[in-house]
There are 2 protein chains.
Amino acid sequence: MPNSPKIDEVLSTLDADLPQALARLEAFLRIPSISTDPAHRGDVRRAAEWLCAELQSLGFDASIRNTPGHPMVVAHSPKGTRRPLLFYGHYDVQPVDPLELWDRPPFEPEIQDTPEGRVIRGRGAADDKGQLMTFVEAFRAWKAVHGELPSDLTLLFEGEEESGSPSLQPFLRENADELRAGIAMICDTGMYSDGRPAITTQLRGLLGEEIVVRAADCDLHSGSFGGLAANPIQLLVNALATVKDADGRITLPGFYDGVEELTEELRADWQDLGFDTGEFLSRVGLNRPVGETGRTGLEMVWNRPTFEINGISGGYAGAGFKTVLPAEARAKVSFRLTGTQDAQAIRETFRAHVRAAIPADCTVAFHGHGASPASRMDISDPAFAAAKAALSQEWGREAAYIGAGGSIPIAGDFKTILGMDSMLIGFGRDDDRIHSPNEKYDLESFAKGARSWARILAALS
Amino acid sequence: MPNSPKIDEVLSTLDADLPQALARLEAFLRIPSISTDPAHRGDVRRAAEWLCAELQSLGFDASIRNTPGHPMVVAHSPKGTRRPLLFYGHYDVQPVDPLELWDRPPFEPEIQDTPEGRVIRGRGAADDKGQLMTFVEAFRAWKAVHGELPSDLTLLFEGEEESGSPSLQPFLRENADELRAGIAMICDTGMYSDGRPAITTQLRGLLGEEIVVRAADCDLHSGSFGGLAANPIQLLVNALATVKDADGRITLPGFYDGVEELTEELRADWQDLGFDTGEFLSRVGLNRPVGETGRTGLEMVWNRPTFEINGISGGYAGAGFKTVLPAEARAKVSFRLTGTQDAQAIRETFRAHVRAAIPADCTVAFHGHGASPASRMDISDPAFAAAKAALSQEWGREAAYIGAGGSIPIAGDFKTILGMDSMLIGFGRDDDRIHSPNEKYDLESFAKGARSWARILAALS
């Protein structure tokens, strides 16, 4: 391991450079790269260009690669003798609504002292710009100390992660030889909730559907037609109310095919985490789990599939009241998938369930959003043990193998398209409010995150 | 009947003055008096001022009467020896959304030739500015011929009918002696669907509720919390899906208390109207009645109570997709009431039904909108027979006693507060698209409507 002796210098360089690193992150966060909103298309590209220029300044062979959607940023360090590593992150961010719930403009980041410590607040701080920059700052310090970048690194940063990554799979297929590595490092996950360092070894999959129910060919007056004409909101509501039963189980036929129970080993590890469901919910003002009866809290969020209504709209939502039967109603729903559940099969089953609730003189249209299976990593790869040790050393406590309730389709895509496993290491916290107003990232996560990557780079040399 | 000999002159005067009458109506329609939207408060007042000035110019003792909400316009003709009549209409209009479905700006009215004849198109053309002006033009022609207004008339025009008339009941109570008359004439109803003149003798009541369900204290990421934390959209959907059963019956306990079956006489009259449910629904692109099984179409829209979801919103409704568990979800719902159903009791029963679906760590808030009972008129008052004869003469076909599915709370208020019955005579058509984009009013309705009022004034002299 030629480089590892100099790891202490790399770490102290990172510490000394922290103020400049934060200034760079703030500049990155000021770019409103909301990939799901066409109005921000130009901002997404600006974020890609900013990132590409950063990487070029470090000596990476970096370029912007256009796609039918938002561009990819791809960068390579010089070839050498290391096991090739692929680093992945995303530079796009979630929408910011409801804007009125933000304490400050979401794209004017600020470092704040809070009871929980110092944070940087702004959209994308934790998901995923702040995490992505922990890679970049580690590479920067490494080069400052060694005079050269770590060899055999490929970086892939996408701009469509928050909008279903429509261009990602084609891009991976078209550039498989360029991108394939020994293992992938993905920085889009979190620490265990109490701040314990963690490697995420399983992720839930995601299936999204948009539903549009149409009845009459115009809005109707509920006085003239109410009681006789179909109400598309009622039809939609009836369909969505019956997807889950009173015990929180999803009623779609065959839905649970492929759902796997925990191994005894993982069940024991998770037990050891001492997850407190009530405390977890109390952070957001709740106290009663709503998942399937008879499951632990961690199972519900990491190892059980779900159905959620993410958005619904129809009829009059303005001030006052309007006695209207609207012409249409819409909903956006999603399923979290586990084990080997078949996303496409579930999409069809769900659509059939909705269609069965729509009378013959009304119509329903569906728009599918990304379908990704769940992922489980092969933790027998020695890189996992090496990274686990490096994390434990940096944070002064034993790193844990954990699950994630969220979906990182890229992990499944790396497996199926590039044939490699992923190591999911991130430093986000449960209270980062990702996808919500007032998103933040802990400065400790940012600083020790960069130090962690430096240690992992050394450990994998 | 001293005045009746001159009725033919009054009618020919109305015919000759029609172009000017339409110009006046267009000026009235250009004022966007949307009472439910606080942004249009000033426009509502402008409409009241326009109307008041018109009435003063005809010699009415007219004034704008302020209320905590939008103003009333009250006008009196000279005292005399006639049976006092109260004329009621409303000068406010419905919101215009969805604006993109309008073929032209809703407040730039236009006279158009259509396959169904000439119409004036614009928000409020039929509901209720066009109908209200049939009164005014009849009075104008009457005065031109007789040199004086018909005596003993009181006019009451409100500006809150489309937003629940919050100020109306207090205003009637405070001005009962000034407003009380022998009978009220209300112009906010329609002809029978095939254009047959009609007097509406029963109306459904209306109960409105707004519901806000709140769960977590911020939006949550469905990856981090999905499956464990309550989703307010799902809670709301579950509550709204169970208000009606598969047969279209409302399941709230005691809901049908006070609902009355038709008298054999009215059942026979309605049968005689030859209502074609399929044809009625086909006008709006539908063909299957959704009301209670075993009821005729006219019963469903005129004599049976209903539950409708008029609006629903929650979570992400923008472009693309957002995997969020929102902090809250909202709905606006309404019940149409018949017979002697108790609106307040039903409000409480409905709220209890919703509360039962909300877990202890979530909250639900309700905002009640106007609650008005159903109305049935006493058609033994000879004024009904006189008006029916006048209508039959003007339109050349037998006028009908019909029901209305809509709510005109004023009729119930006149009964309970002023102790008088109402005669509901209007000239709207089922295809007027009231409360919808591209609202219109037939010029035949406007012209013959004014002529009808002149005949009724003469017949009631």
# chains A, B, ... in the order shown; residues from 1 in each chain; ligands from 1

$ closest_atom_pairs --of "chain B" --to "chain A" --cutoff "6 Å" --atoms "only C-alpha atoms" --output "Markdown table"
| residue | atom | partner | partner_atom | distance |
| --- | --- | --- | --- | --- |
| B:Thr36 | CA | A:Gly320 | CA | 5.2 |
| B:Ala216 | CA | A:Val284 | CA | 5.2 |
| B:Asp217 | CA | A:Val284 | CA | 5.5 |
| B:Asp219 | CA | A:Ser436 | CA | 5.3 |
| B:His221 | CA | A:His435 | CA | 5.9 |
| B:Gly223 | CA | A:Gly406 | CA | 3.5 |
| B:Ser224 | CA | A:Gly405 | CA | 5.3 |
| B:Gly227 | CA | A:Gly291 | CA | 4.8 |
| B:Leu228 | CA | A:Pro289 | CA | 4.8 |
| B:Ala229 | CA | A:Pro289 | CA | 5.8 |
| B:Ala230 | CA | A:Val290 | CA | 5.9 |
| B:Val237 | CA | A:Val237 | CA | 5.4 |
| B:Asn238 | CA | A:Ala241 | CA | 5.0 |
| B:Ala241 | CA | A:Asn238 | CA | 5.0 |
| B:Val284 | CA | A:Ala216 | CA | 5.3 |
| B:Gly285 | CA | A:Ala216 | CA | 5.4 |
| B:Leu286 | CA | A:Asp361 | CA | 5.5 |
| B:Pro289 | CA | A:Leu228 | CA | 4.8 |
| B:Val290 | CA | A:Leu228 | CA | 5.1 |
| B:Gly291 | CA | A:Gly227 | CA | 4.8 |
| B:Met300 | CA | A:Gly227 | CA | 5.5 |
| B:Val301 | CA | A:Gly227 | CA | 5.9 |
| B:Thr306 | CA | A:Gly227 | CA | 5.4 |
| B:Asn310 | CA | A:Val324 | CA | 5.3 |
| B:Gly311 | CA | A:Gly315 | CA | 4.1 |
| B:Ile312 | CA | A:Ser313 | CA | 5.3 |
| B:Ser313 | CA | A:Ser313 | CA | 4.5 |
| B:Gly314 | CA | A:Ile312 | CA | 5.4 |
| B:Gly315 | CA | A:Gly311 | CA | 4.1 |
| B:Tyr316 | CA | A:Gly311 | CA | 4.6 |
| B:Ala317 | CA | A:Gly311 | CA | 5.7 |
| B:Gly320 | CA | A:Thr36 | CA | 5.2 |
| B:Thr323 | CA | A:Asn310 | CA | 5.9 |
| B:Val324 | CA | A:Asn310 | CA | 5.3 |
| B:Leu325 | CA | A:Asn310 | CA | 5.9 |
| B:Asp361 | CA | A:Leu286 | CA | 5.4 |
| B:Gly405 | CA | A:Gly223 | CA | 4.7 |
| B:Gly406 | CA | A:Gly223 | CA | 3.6 |
| B:His435 | CA | A:His221 | CA | 5.9 |
| B:Ser436 | CA | A:Asp219 | CA | 5.3 |

$ residues_around --residues "segment 173-175 of chain B" --least-positions-apart "6" --cutoff "12 Å" --atoms "only C-alpha atoms" --output "compact mmCIF listing (two decimals) with N, CA and C atoms, in the first residue's frame"
# COMPACT_ATOMS: atom_id res chain seq x y z
N ARG B 65 -75.96 48.33 0.29
CA ARG B 65 -76.03 48.11 1.73
C ARG B 65 -74.84 47.25 2.12
N THR B 67 -72.18 44.92 4.15
CA THR B 67 -72.27 43.80 5.10
C THR B 67 -70.83 43.49 5.51
N MET B 72 -75.01 44.17 -0.34
CA MET B 72 -76.30 43.89 -0.95
C MET B 72 -76.70 45.13 -1.76
N VAL B 74 -80.25 46.88 -2.62
CA VAL B 74 -81.69 46.86 -2.30
C VAL B 74 -82.37 48.02 -3.02
N LEU B 156 -83.84 42.63 -4.21
CA LEU B 156 -82.71 42.29 -3.35
C LEU B 156 -81.71 41.49 -4.18
N SER B 167 -73.42 36.55 4.71
CA SER B 167 -74.04 37.75 5.28
C SER B 167 -75.55 37.79 5.10
N ASP B 413 -84.32 30.56 3.37
CA ASP B 413 -84.17 31.71 4.27
C ASP B 413 -85.41 32.61 4.22
N PHE B 414 -85.94 32.82 3.01
CA PHE B 414 -87.16 33.64 2.90
C PHE B 414 -88.28 33.01 3.72
N LYS B 415 -88.34 31.68 3.68
CA LYS B 415 -89.41 30.98 4.40
C LYS B 415 -89.20 31.12 5.91
N THR B 416 -87.98 30.80 6.36
CA THR B 416 -87.78 30.73 7.81
C THR B 416 -87.64 32.12 8.43
N ILE B 417 -87.02 33.07 7.72
CA ILE B 417 -86.76 34.38 8.33
C ILE B 417 -87.85 35.39 8.00
N LEU B 418 -88.34 35.36 6.74
CA LEU B 418 -89.36 36.35 6.34
C LEU B 418 -90.76 35.73 6.27
N GLY B 419 -90.85 34.42 6.48
CA GLY B 419 -92.17 33.78 6.51
C GLY B 419 -92.92 33.80 5.19

$ residues_around --residues "Glu161 of chain A" --least-positions-apart "5" --cutoff "9 Å" --atoms "only C-alpha atoms" --output "list of chain:residue names"
A:Ser35, A:Gly89, A:His90, A:Tyr91, A:Asp92, A:Val93, A:Pro166, A:Leu168, A:Ile408, A:Pro409, A:Ile410

$ select_by_dssp --residues "segment 377-426 of chain B" --states "alpha helix (DSSP H)" --output "PyMOL selection string"
chain B and resi 382-395+409-418

$ closest_residue --among "A:Ile34, A:Gly294, A:Gln202, A:Thr349" --to "Ala374 of chain A" --atoms "only C-alpha atoms"
A:Gln202

$ closest_residue --among "A:Glu279, A:Leu391, A:Asp269, A:Thr200" --to "Met377 of chain A" --atoms "only C-alpha atoms"
A:Thr200

$ atom_distance --atom1 "atom CA of Leu86 of chain A" --atom2 "atom CA of Met420 of chain A"
9.9 Å

$ residues_around --residues "Pro382 of chain B" --least-positions-apart "3" --cutoff "12 Å" --atoms "only C-alpha atoms" --output "PyMOL selection string"
chain B and resi 182-183+378-379+385-389+423+459-460

$ select_by_dssp --residues "segment 120-323 of chain B" --states "strand (DSSP E)" --output "count of residues only"
40

$ residues_around --residues "Trp395 of chain B" --least-positions-apart "5" --cutoff "8 Å" --atoms "only C-alpha atoms" --output "ChimeraX atom specification"
/B:196-197,448

$ write_last_selection --atoms "N, CA, C and O atoms" --output "PDB file, in the first residue's frame"
ATOM      1  N   ARG B 196     -88.734  23.675 -22.022  1.00  0.00           N
ATOM      2  CA  ARG B 196     -90.113  23.883 -21.579  1.00  0.00           C
ATOM      3  C   ARG B 196     -90.097  24.839 -20.388  1.00  0.00           C
ATOM      4  O   ARG B 196     -89.309  24.665 -19.459  1.00  0.00           O
ATOM      5  N   PRO B 197     -90.951  25.882 -20.394  1.00  0.00           N
ATOM      6  CA  PRO B 197     -90.946  26.801 -19.251  1.00  0.00           C
ATOM      7  C   PRO B 197     -91.361  26.070 -17.984  1.00  0.00           C
ATOM      8  O   PRO B 197     -92.139  25.113 -18.039  1.00  0.00           O
ATOM      9  N   LYS B 448     -87.108  36.203 -24.115  1.00  0.00           N
ATOM     10  CA  LYS B 448     -88.422  35.713 -23.673  1.00  0.00           C
ATOM     11  C   LYS B 448     -88.510  35.685 -22.147  1.00  0.00           C
ATOM     12  O   LYS B 448     -89.610  35.729 -21.582  1.00  0.00           O
TER      13      LYS B 448
END

$ residues_around --residues "Thr251 of chain B" --least-positions-apart "4" --cutoff "10 Å" --atoms "only C-alpha atoms" --output "PyMOL selection string"
chain B and resi 242-245+255-256+350+353
